[in-house]
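Student: My structure file target_34.cif, mmCIF, C-alpha atoms, is below:
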data_data
#
loop_
_atom_site.label_atom_id
_atom_site.label_comp_id
_atom_site.auth_asym_id
_atom_site.auth_seq_id
_atom_site.Cartn_x
_atom_site.Cartn_y
_atom_site.Cartn_z
CA MET U 83 99.49 114.31 123.99
CA LYS U 84 99.16 117.08 121.42
CA LYS U 85 102.71 116.42 120.20
CA TYR U 86 101.48 113.03 118.94
CA PHE U 87 98.52 114.41 116.96
CA GLU U 88 100.40 114.42 113.65
CA VAL U 89 100.86 110.65 113.90
CA LEU U 90 97.41 110.01 115.38
CA ARG U 91 95.73 111.86 112.48
CA LYS U 92 97.25 109.19 110.18
CA CYS U 93 96.00 106.31 112.36
CA LYS U 94 92.80 104.77 110.99
CA LEU U 95 91.46 104.35 114.54
CA PHE U 96 91.04 108.13 114.73
CA ASP U 97 89.53 108.71 111.26
CA GLU U 98 86.92 111.51 111.24
CA ILE U 99 87.70 112.57 114.81
CA GLU U 100 88.62 116.25 115.08
CA ASP U 101 91.67 117.42 117.04
CA GLU U 102 89.57 119.19 119.69
CA ASN U 103 87.69 115.92 120.32
CA LEU U 104 90.88 113.86 120.20
CA THR U 105 92.26 115.54 123.32
CA SER U 106 89.22 114.68 125.43
CA LEU U 107 88.91 111.23 123.82
CA LEU U 108 92.48 110.26 124.74
CA GLY U 109 91.84 111.45 128.30
CA CYS U 110 88.61 109.45 128.47
CA LEU U 111 90.45 106.35 127.20
CA GLY U 112 93.33 106.78 129.64
CA ALA U 113 95.84 106.50 126.79
CA VAL U 114 99.47 106.25 127.89
CA ILE U 115 102.71 106.49 125.91
CA LYS U 116 105.55 104.10 126.73
CA SER U 117 109.05 103.99 125.27
CA PHE U 118 110.89 100.77 124.43
CA GLU U 119 114.45 100.03 123.36
CA LYS U 120 115.33 97.72 120.46
CA LYS U 121 114.56 94.04 121.28
CA GLU U 122 112.61 95.01 124.41
CA THR U 123 109.34 93.16 124.95
CA VAL U 124 106.28 95.38 124.58
CA ILE U 125 103.75 92.62 125.25
CA ALA U 126 104.79 89.13 126.34
CA GLU U 127 103.23 85.79 125.51
CA GLY U 128 101.00 84.79 128.40
CA ASP U 129 100.05 88.36 129.35
CA PRO U 130 96.32 89.03 129.60
CA ALA U 131 94.96 90.76 126.50
CA ARG U 132 93.97 94.18 127.76
CA TYR U 133 95.57 96.86 125.61
CA ILE U 134 95.43 97.98 122.02
CA GLY U 135 98.81 99.30 120.93
CA ILE U 136 99.48 102.05 118.41
CA VAL U 137 103.02 102.54 117.10
CA ILE U 138 103.81 106.25 117.54
CA SER U 139 107.47 106.02 116.48
CA GLY U 140 109.77 103.19 115.43
CA SER U 141 108.34 99.72 114.75
CA VAL U 142 107.52 96.44 116.44
CA GLN U 143 107.39 92.82 115.35
CA ILE U 144 104.68 90.32 116.19
CA VAL U 145 106.62 87.16 117.03
CA SER U 146 105.59 83.59 117.73
CA ILE U 147 107.94 81.17 119.49
CA ASP U 148 107.14 77.49 118.99
CA PHE U 149 107.62 74.55 121.34
CA PHE U 150 111.22 74.08 120.16
CA GLY U 151 112.16 77.74 120.67
CA ASN U 152 112.02 78.66 116.99
CA ARG U 153 111.17 82.34 116.52
CA ASN U 154 108.76 83.22 113.69
CA ILE U 155 108.04 86.83 112.74
CA LEU U 156 104.32 86.94 111.95
CA SER U 157 104.21 90.61 110.99
CA ALA U 158 105.91 93.97 111.28
CA VAL U 159 103.91 96.90 112.60
CA GLU U 160 104.98 100.44 111.80
CA VAL U 161 103.80 104.00 112.44
CA PRO U 162 100.75 104.56 112.81
CA GLU U 163 99.40 100.99 112.81
CA LEU U 164 97.58 99.10 115.55
CA PHE U 165 98.44 95.77 117.13
CA ASP U 166 96.87 93.39 119.63
CA GLU U 167 93.34 94.68 118.94
CA SER U 168 91.90 91.25 118.13
CA PHE U 169 93.17 89.65 121.32
CA ALA U 170 92.07 92.62 123.44
CA CYS U 171 88.57 92.77 121.95
CA ALA U 172 88.18 89.01 122.32
CA GLN U 173 89.30 89.37 125.96
CA THR U 174 91.84 86.59 125.48
CA GLU U 175 93.10 85.48 128.88
CA SER U 176 96.60 84.70 127.63
CA ILE U 177 98.15 86.30 124.55
CA PRO U 178 99.76 83.62 122.32
CA ILE U 179 102.35 85.96 120.74
CA ASN U 180 105.11 88.39 121.70
CA VAL U 181 105.35 91.99 120.58
CA ILE U 182 109.02 93.01 120.39
CA ALA U 183 110.49 96.43 119.61
CA ALA U 184 112.30 96.13 116.25
CA GLU U 185 113.98 99.47 116.97
CA PRO U 186 113.63 102.14 119.66
CA CYS U 187 109.95 103.03 119.66
CA GLU U 188 107.09 104.80 121.39
CA ILE U 189 103.83 102.96 121.81
CA MET U 190 100.44 104.33 122.80
CA LEU U 191 98.55 101.81 124.91
CA ILE U 192 94.78 102.08 125.25
CA ASP U 193 92.68 99.86 127.50
CA CYS U 194 90.32 98.10 125.09
CA GLN U 195 87.46 98.02 127.59
CA ARG U 196 87.51 101.81 127.72
CA ILE U 197 86.97 101.84 123.95
CA LEU U 198 84.22 99.22 123.88
CA HIS U 199 82.29 100.55 126.87
CA THR U 200 81.43 104.18 126.29
CA CYS U 201 81.60 106.68 129.11
CA SER U 202 78.53 108.32 130.63
CA ASN U 203 78.89 111.23 128.19
CA THR U 204 78.21 108.91 125.19
CA CYS U 205 80.20 111.23 122.94
CA GLU U 206 79.60 111.01 119.19
CA PHE U 207 83.33 110.74 118.55
CA HIS U 208 83.53 107.71 120.86
CA GLN U 209 80.97 105.97 118.65
CA GLN U 210 83.14 106.88 115.64
CA LEU U 211 86.13 105.30 117.41
CA ILE U 212 84.22 102.01 117.88
CA PHE U 213 83.17 102.08 114.21
CA ASN U 214 86.79 102.68 113.15
CA LEU U 215 88.04 99.80 115.32
CA LEU U 216 85.48 97.43 113.82
CA LYS U 217 86.46 98.52 110.31
CA ILE U 218 90.18 97.96 111.02
CA MET U 219 89.51 94.50 112.42
CA ALA U 220 87.27 93.54 109.48
CA THR U 221 89.91 94.70 106.99
CA LYS U 222 92.61 92.65 108.74
CA ASN U 223 90.26 89.64 108.82
CA ILE U 224 89.80 89.85 105.04
CA MET U 225 93.57 90.12 104.56
CA PHE U 226 94.17 87.04 106.74
CA HIS U 227 91.50 85.14 104.79
CA GLN U 228 93.36 85.93 101.57
CA LYS U 229 96.67 84.80 103.08
CA ILE U 230 95.08 81.50 104.12
CA GLU U 231 93.60 81.03 100.68
CA ILE U 232 96.98 81.62 99.03
CA SER U 233 98.98 79.44 101.42
CA SER U 234 96.46 76.58 101.22
CA LYS U 235 97.19 76.05 97.52
CA ARG U 236 99.21 72.91 96.80
CA SER U 237 101.83 74.13 94.37
CA THR U 238 103.93 77.26 94.11
CA ARG U 239 102.31 77.94 90.74
CA GLU U 240 98.81 77.85 92.28
CA LYS U 241 99.94 80.09 95.16
CA LEU U 242 101.46 82.62 92.78
CA THR U 243 98.43 82.55 90.47
CA THR U 244 96.06 83.10 93.40
CA TYR U 245 98.19 85.99 94.71
CA LEU U 246 98.30 87.62 91.28
CA MET U 247 94.54 87.16 90.93
CA PHE U 248 94.00 89.06 94.20
CA GLN U 249 96.31 91.84 93.01
CA ALA U 250 94.52 92.08 89.64
CA LYS U 251 91.14 92.37 91.40
CA LYS U 252 92.56 95.02 93.72
CA ALA U 253 93.94 97.01 90.74
CA GLY U 254 90.76 96.46 88.73
CA SER U 255 92.88 95.34 85.77
CA ASN U 256 95.03 92.45 84.58
CA SER U 257 97.86 94.97 84.26
CA PHE U 258 99.33 96.35 87.51
CA ASP U 259 102.62 97.20 89.26
#
Using C-alpha cells, write down the structure that the file contains.

Tutor:
Amino acid sequence: MKKYFEVLRKCKLFDEIEDENLTSLLGCLGAVIKSFEKKETVIAEGDPARYIGIVISGSVQIVSIDFFGNRNILSAVEVPELFDESFACAQTESIPINVIAAEPCEIMLIDCQRILHTCSNTCEFHQQLIFNLLKIMATKNIMFHQKIEISSKRSTREKLTTYLMFQAKKAGSNSFD
C-alpha cells in the first residue's frame, strides 16, 4: 500500500493522518485496490451500498440510466477524489447509479462500516478519518445545494446571474477569473 501514499496524501479523507498511522489505518479498514479497464463497471446500479471508492489512478464517471435507456453523466471523479460515500454511509440497499471507468483506473475500496464503527483500539487517527469523511460529505452537500439553486431559476439569465453571484462570493470580489 505504501506505493499509493503519494496519492492518498492528496485525498481529503486522509488529511492530518501521518504516514506511519496510514499503514495501520488502511489495514484496519481492510482497504483493497482493484484495477478496471475503460468502460468497465466499478459499481453497478442495484448493488448494495457498502464501499467508499477512492480514485488512485485514471478516472470514473457517475452515470444514471433512465427508464428509456438514456445515459446521463452526473459527474466525473478523478484522482484522488471519493465516490459513493453518501450511499454507503446512508446504507442504501440499492445504489441508483453506475460508476464506470472513463479510462483504465485503479480504485481503492473501503468498507464504509469499518470507517464508521471504530475498532477496539479507538485510534485517534480513526476519529480524524470520520471527521474528514463528514467534512467531505458536508462540502458536497453544499455544492449540490448550490447546483439546485442555480438550476431551479426560470431563465438562463437568472441561472447565469446566480452562478456568477456564487463565484463572486467565493472570490470575495465582484472581479474574478

Student: Take the PyMOL selection byres ((chain U and resi 212-219) around 10), apply it to the structure above, and return the hits as a list in words.

Tutor: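 Taken on the displayed file, the PyMOL selection byres ((chain U and resi 212-219) around 10) yields the residues Cys93, Lys94, Leu95, Phe96, Asp97, Glu98, Glu163, Leu164, Glu167, Ser168, Cys171, Ile197, Leu198, His199, Thr200, Phe207, His208, Gln209, Gln210, Leu211, Ala220, Thr221, Lys222, Asn223, Ile224 and Met225 of chain U.
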
Student: So which one's closest to Glu88 in chain U, U:Ser106, U:Ser139, U:Asn154, U:Asn256? Using all atoms listed in the file, please.

Tutor: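 Comparing U:Ser106, U:Ser139, U:Asn154, U:Asn256 against Glu88 in chain U, the winner is U:Ser139.
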
Student: Kindly provide, as an NGL selection string, the polymer residues lying within 10 Å of (89.7, 92.2, 122.9), counting only C-alpha atoms and using the coordinates exactly as they appear in the file.

Tutor: :U and (130-134 or 166-175 or 193-195 or 198)

Student: Just the number, please: distance in Å from CA of Ile125 in chain U to CA of Leu111 in chain U, one decimal.

Tutor: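 Answer for the CA of Ile125 in chain U to CA of Leu111 in chain U separation: 19.2 Å.
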
Student: Between CA of Gly140 in chain U and CA of Arg153 in chain U, measure the distance and give it in Å to one decimal.

Tutor: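 Separation between CA of Gly140 in chain U and CA of Arg153 in chain U: 20.9 Å.
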
Student: Which of these residues is nearest to Ile136 in chain U, using all atoms listed in the file: U:Gly254, U:Pro162, U:Gly109, U:Pro178?

Tutor: U:Pro162

Student: Give me, please, the distance in Å between CA of Phe149 in chain U and CA of Lys121 in chain U, quoted to one decimal.

Tutor: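 If I compute the distance from CA of Phe149 in chain U to CA of Lys121 in chain U, I get 20.7 Å.
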
Student: Using all atoms listed in the file, which of the listed residues (U:Lys116, U:Arg196, U:Lys241, U:Lys251) sits closest to Lys229 in chain U?

Tutor: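 Closest to Lys229 in chain U of all the choices is U:Lys241.
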
Student: Write out as lines of an AutoDock Vina configuration file an axis-aligned box for range 105-114 of chain U: all of its atoms listed in the file, 8 Å added on each side, centre and edge lengths in Å with one decimal.

Tutor:
center_x = 94.0
center_y = 110.9
center_z = 126.5
size_x = 26.9
size_y = 25.3
size_z = 22.3

Student: Which residues, written as a list in words, have at least one atom at most 10 Å from Phe165 in chain U, with all atoms listed in the file counted and residues fewer than 6 positions away on the same chain left out?

Tutor: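 Returned residues: Tyr133, Ile134, Gly135, Ile136, Val137, Val142, Gln143, Ile144, Ser157, Ala158, Val159, Val181 and Leu191 of chain U.
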
Student: Please determine the residues with any atom at most 12 Å from (106.3, 77.5, 122.1) (coordinates as given in the file, with all atoms listed in the file counting) and report them as number ranges by chain.

Tutor: U: 127-128, 145-154, 178-180

Student: Let me make sure I understand: among U:Ile230, U:Ile99, U:Ala183, U:Ala253, which one has the smallest atom-to-atom distance to Phe118 in chain U if we use all atoms listed in the file?

Tutor: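 Looking only at the distances to Phe118 in chain U, the closest residue turns out to be U:Ala183.
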
Student: Could you rebuild range 115-150 of chain U with N, CA and C atoms and give me the result as a PDB file, in the frame of the given file?

Tutor:
ATOM      1  N   ILE U 115     101.605 106.693 126.843  1.00  0.00           N
ATOM      2  CA  ILE U 115     102.710 106.490 125.910  1.00  0.00           C
ATOM      3  C   ILE U 115     103.861 105.846 126.686  1.00  0.00           C
ATOM      4  N   LYS U 116     104.393 104.756 126.124  1.00  0.00           N
ATOM      5  CA  LYS U 116     105.550 104.100 126.730  1.00  0.00           C
ATOM      6  C   LYS U 116     106.647 103.985 125.697  1.00  0.00           C
ATOM      7  N   SER U 117     107.886 104.110 126.145  1.00  0.00           N
ATOM      8  CA  SER U 117     109.050 103.990 125.270  1.00  0.00           C
ATOM      9  C   SER U 117     109.711 102.632 125.488  1.00  0.00           C
ATOM     10  N   PHE U 118     110.226 102.069 124.384  1.00  0.00           N
ATOM     11  CA  PHE U 118     110.890 100.770 124.430  1.00  0.00           C
ATOM     12  C   PHE U 118     112.166 100.830 123.612  1.00  0.00           C
ATOM     13  N   GLU U 119     113.188 100.140 124.083  1.00  0.00           N
ATOM     14  CA  GLU U 119     114.450 100.030 123.360  1.00  0.00           C
ATOM     15  C   GLU U 119     114.370  98.843 122.399  1.00  0.00           C
ATOM     16  N   LYS U 120     115.266  98.812 121.431  1.00  0.00           N
ATOM     17  CA  LYS U 120     115.330  97.720 120.460  1.00  0.00           C
ATOM     18  C   LYS U 120     115.426  96.381 121.203  1.00  0.00           C
ATOM     19  N   LYS U 121     114.632  95.414 120.754  1.00  0.00           N
ATOM     20  CA  LYS U 121     114.560  94.040 121.280  1.00  0.00           C
ATOM     21  C   LYS U 121     113.860  93.944 122.636  1.00  0.00           C
ATOM     22  N   GLU U 122     113.345  95.051 123.149  1.00  0.00           N
ATOM     23  CA  GLU U 122     112.610  95.010 124.410  1.00  0.00           C
ATOM     24  C   GLU U 122     111.198  94.496 124.148  1.00  0.00           C
ATOM     25  N   THR U 123     110.674  93.728 125.089  1.00  0.00           N
ATOM     26  CA  THR U 123     109.340  93.160 124.950  1.00  0.00           C
ATOM     27  C   THR U 123     108.291  94.213 125.305  1.00  0.00           C
ATOM     28  N   VAL U 124     107.389  94.445 124.370  1.00  0.00           N
ATOM     29  CA  VAL U 124     106.280  95.380 124.580  1.00  0.00           C
ATOM     30  C   VAL U 124     105.125  94.645 125.240  1.00  0.00           C
ATOM     31  N   ILE U 125     104.779  93.501 124.687  1.00  0.00           N
ATOM     32  CA  ILE U 125     103.750  92.620 125.250  1.00  0.00           C
ATOM     33  C   ILE U 125     104.303  91.201 125.179  1.00  0.00           C
ATOM     34  N   ALA U 126     104.220  90.471 126.278  1.00  0.00           N
ATOM     35  CA  ALA U 126     104.790  89.130 126.340  1.00  0.00           C
ATOM     36  C   ALA U 126     103.719  88.058 126.215  1.00  0.00           C
ATOM     37  N   GLU U 127     104.114  86.951 125.592  1.00  0.00           N
ATOM     38  CA  GLU U 127     103.230  85.790 125.510  1.00  0.00           C
ATOM     39  C   GLU U 127     102.815  85.404 126.922  1.00  0.00           C
ATOM     40  N   GLY U 128     101.532  85.149 127.083  1.00  0.00           N
ATOM     41  CA  GLY U 128     101.000  84.790 128.400  1.00  0.00           C
ATOM     42  C   GLY U 128     100.366  85.956 129.139  1.00  0.00           C
ATOM     43  N   ASP U 129     100.690  87.192 128.728  1.00  0.00           N
ATOM     44  CA  ASP U 129     100.050  88.360 129.350  1.00  0.00           C
ATOM     45  C   ASP U 129      98.556  88.340 129.053  1.00  0.00           C
ATOM     46  N   PRO U 130      97.748  88.896 129.941  1.00  0.00           N
ATOM     47  CA  PRO U 130      96.320  89.030 129.600  1.00  0.00           C
ATOM     48  C   PRO U 130      96.155  90.074 128.495  1.00  0.00           C
ATOM     49  N   ALA U 131      95.203  89.831 127.615  1.00  0.00           N
ATOM     50  CA  ALA U 131      94.960  90.760 126.500  1.00  0.00           C
ATOM     51  C   ALA U 131      94.096  91.899 127.025  1.00  0.00           C
ATOM     52  N   ARG U 132      94.694  93.040 127.204  1.00  0.00           N
ATOM     53  CA  ARG U 132      93.970  94.180 127.760  1.00  0.00           C
ATOM     54  C   ARG U 132      94.101  95.427 126.899  1.00  0.00           C
ATOM     55  N   TYR U 133      95.275  95.602 126.296  1.00  0.00           N
ATOM     56  CA  TYR U 133      95.570  96.860 125.610  1.00  0.00           C
ATOM     57  C   TYR U 133      95.619  96.720 124.103  1.00  0.00           C
ATOM     58  N   ILE U 134      95.209  97.799 123.443  1.00  0.00           N
ATOM     59  CA  ILE U 134      95.430  97.980 122.020  1.00  0.00           C
ATOM     60  C   ILE U 134      96.643  98.893 121.918  1.00  0.00           C
ATOM     61  N   GLY U 135      97.607  98.496 121.093  1.00  0.00           N
ATOM     62  CA  GLY U 135      98.810  99.300 120.930  1.00  0.00           C
ATOM     63  C   GLY U 135      98.785 100.044 119.608  1.00  0.00           C
ATOM     64  N   ILE U 136      99.314 101.257 119.621  1.00  0.00           N
ATOM     65  CA  ILE U 136      99.480 102.050 118.410  1.00  0.00           C
ATOM     66  C   ILE U 136     100.950 102.460 118.361  1.00  0.00           C
ATOM     67  N   VAL U 137     101.617 102.175 117.253  1.00  0.00           N
ATOM     68  CA  VAL U 137     103.020 102.540 117.100  1.00  0.00           C
ATOM     69  C   VAL U 137     103.086 104.038 116.778  1.00  0.00           C
ATOM     70  N   ILE U 138     103.676 104.796 117.680  1.00  0.00           N
ATOM     71  CA  ILE U 138     103.810 106.250 117.540  1.00  0.00           C
ATOM     72  C   ILE U 138     105.121 106.600 116.846  1.00  0.00           C
ATOM     73  N   SER U 139     106.180 105.862 117.167  1.00  0.00           N
ATOM     74  CA  SER U 139     107.470 106.020 116.480  1.00  0.00           C
ATOM     75  C   SER U 139     108.169 104.674 116.491  1.00  0.00           C
ATOM     76  N   GLY U 140     109.054 104.457 115.519  1.00  0.00           N
ATOM     77  CA  GLY U 140     109.770 103.190 115.430  1.00  0.00           C
ATOM     78  C   GLY U 140     108.887 102.094 114.837  1.00  0.00           C
ATOM     79  N   SER U 141     109.141 100.855 115.228  1.00  0.00           N
ATOM     80  CA  SER U 141     108.340  99.720 114.750  1.00  0.00           C
ATOM     81  C   SER U 141     108.466  98.562 115.718  1.00  0.00           C
ATOM     82  N   VAL U 142     107.511  97.646 115.626  1.00  0.00           N
ATOM     83  CA  VAL U 142     107.520  96.440 116.440  1.00  0.00           C
ATOM     84  C   VAL U 142     107.301  95.228 115.537  1.00  0.00           C
ATOM     85  N   GLN U 143     107.642  94.068 116.056  1.00  0.00           N
ATOM     86  CA  GLN U 143     107.390  92.820 115.350  1.00  0.00           C
ATOM     87  C   GLN U 143     106.481  91.949 116.208  1.00  0.00           C
ATOM     88  N   ILE U 144     105.530  91.304 115.541  1.00  0.00           N
ATOM     89  CA  ILE U 144     104.680  90.320 116.190  1.00  0.00           C
ATOM     90  C   ILE U 144     105.394  88.985 115.987  1.00  0.00           C
ATOM     91  N   VAL U 145     105.765  88.340 117.085  1.00  0.00           N
ATOM     92  CA  VAL U 145     106.620  87.160 117.030  1.00  0.00           C
ATOM     93  C   VAL U 145     105.947  85.988 117.743  1.00  0.00           C
ATOM     94  N   SER U 146     106.073  84.823 117.130  1.00  0.00           N
ATOM     95  CA  SER U 146     105.590  83.590 117.730  1.00  0.00           C
ATOM     96  C   SER U 146     106.800  82.701 117.993  1.00  0.00           C
ATOM     97  N   ILE U 147     106.852  82.096 119.154  1.00  0.00           N
ATOM     98  CA  ILE U 147     107.940  81.170 119.490  1.00  0.00           C
ATOM     99  C   ILE U 147     107.311  79.806 119.715  1.00  0.00           C
ATOM    100  N   ASP U 148     107.752  78.818 118.910  1.00  0.00           N
ATOM    101  CA  ASP U 148     107.140  77.490 118.990  1.00  0.00           C
ATOM    102  C   ASP U 148     107.720  76.666 120.143  1.00  0.00           C
ATOM    103  N   PHE U 149     107.246  75.456 120.263  1.00  0.00           N
ATOM    104  CA  PHE U 149     107.620  74.550 121.340  1.00  0.00           C
ATOM    105  C   PHE U 149     109.136  74.317 121.397  1.00  0.00           C
ATOM    106  N   PHE U 150     109.787  74.349 120.239  1.00  0.00           N
ATOM    107  CA  PHE U 150     111.220  74.080 120.160  1.00  0.00           C
ATOM    108  C   PHE U 150     112.071  75.344 120.282  1.00  0.00           C
TER     109      PHE U 150
END
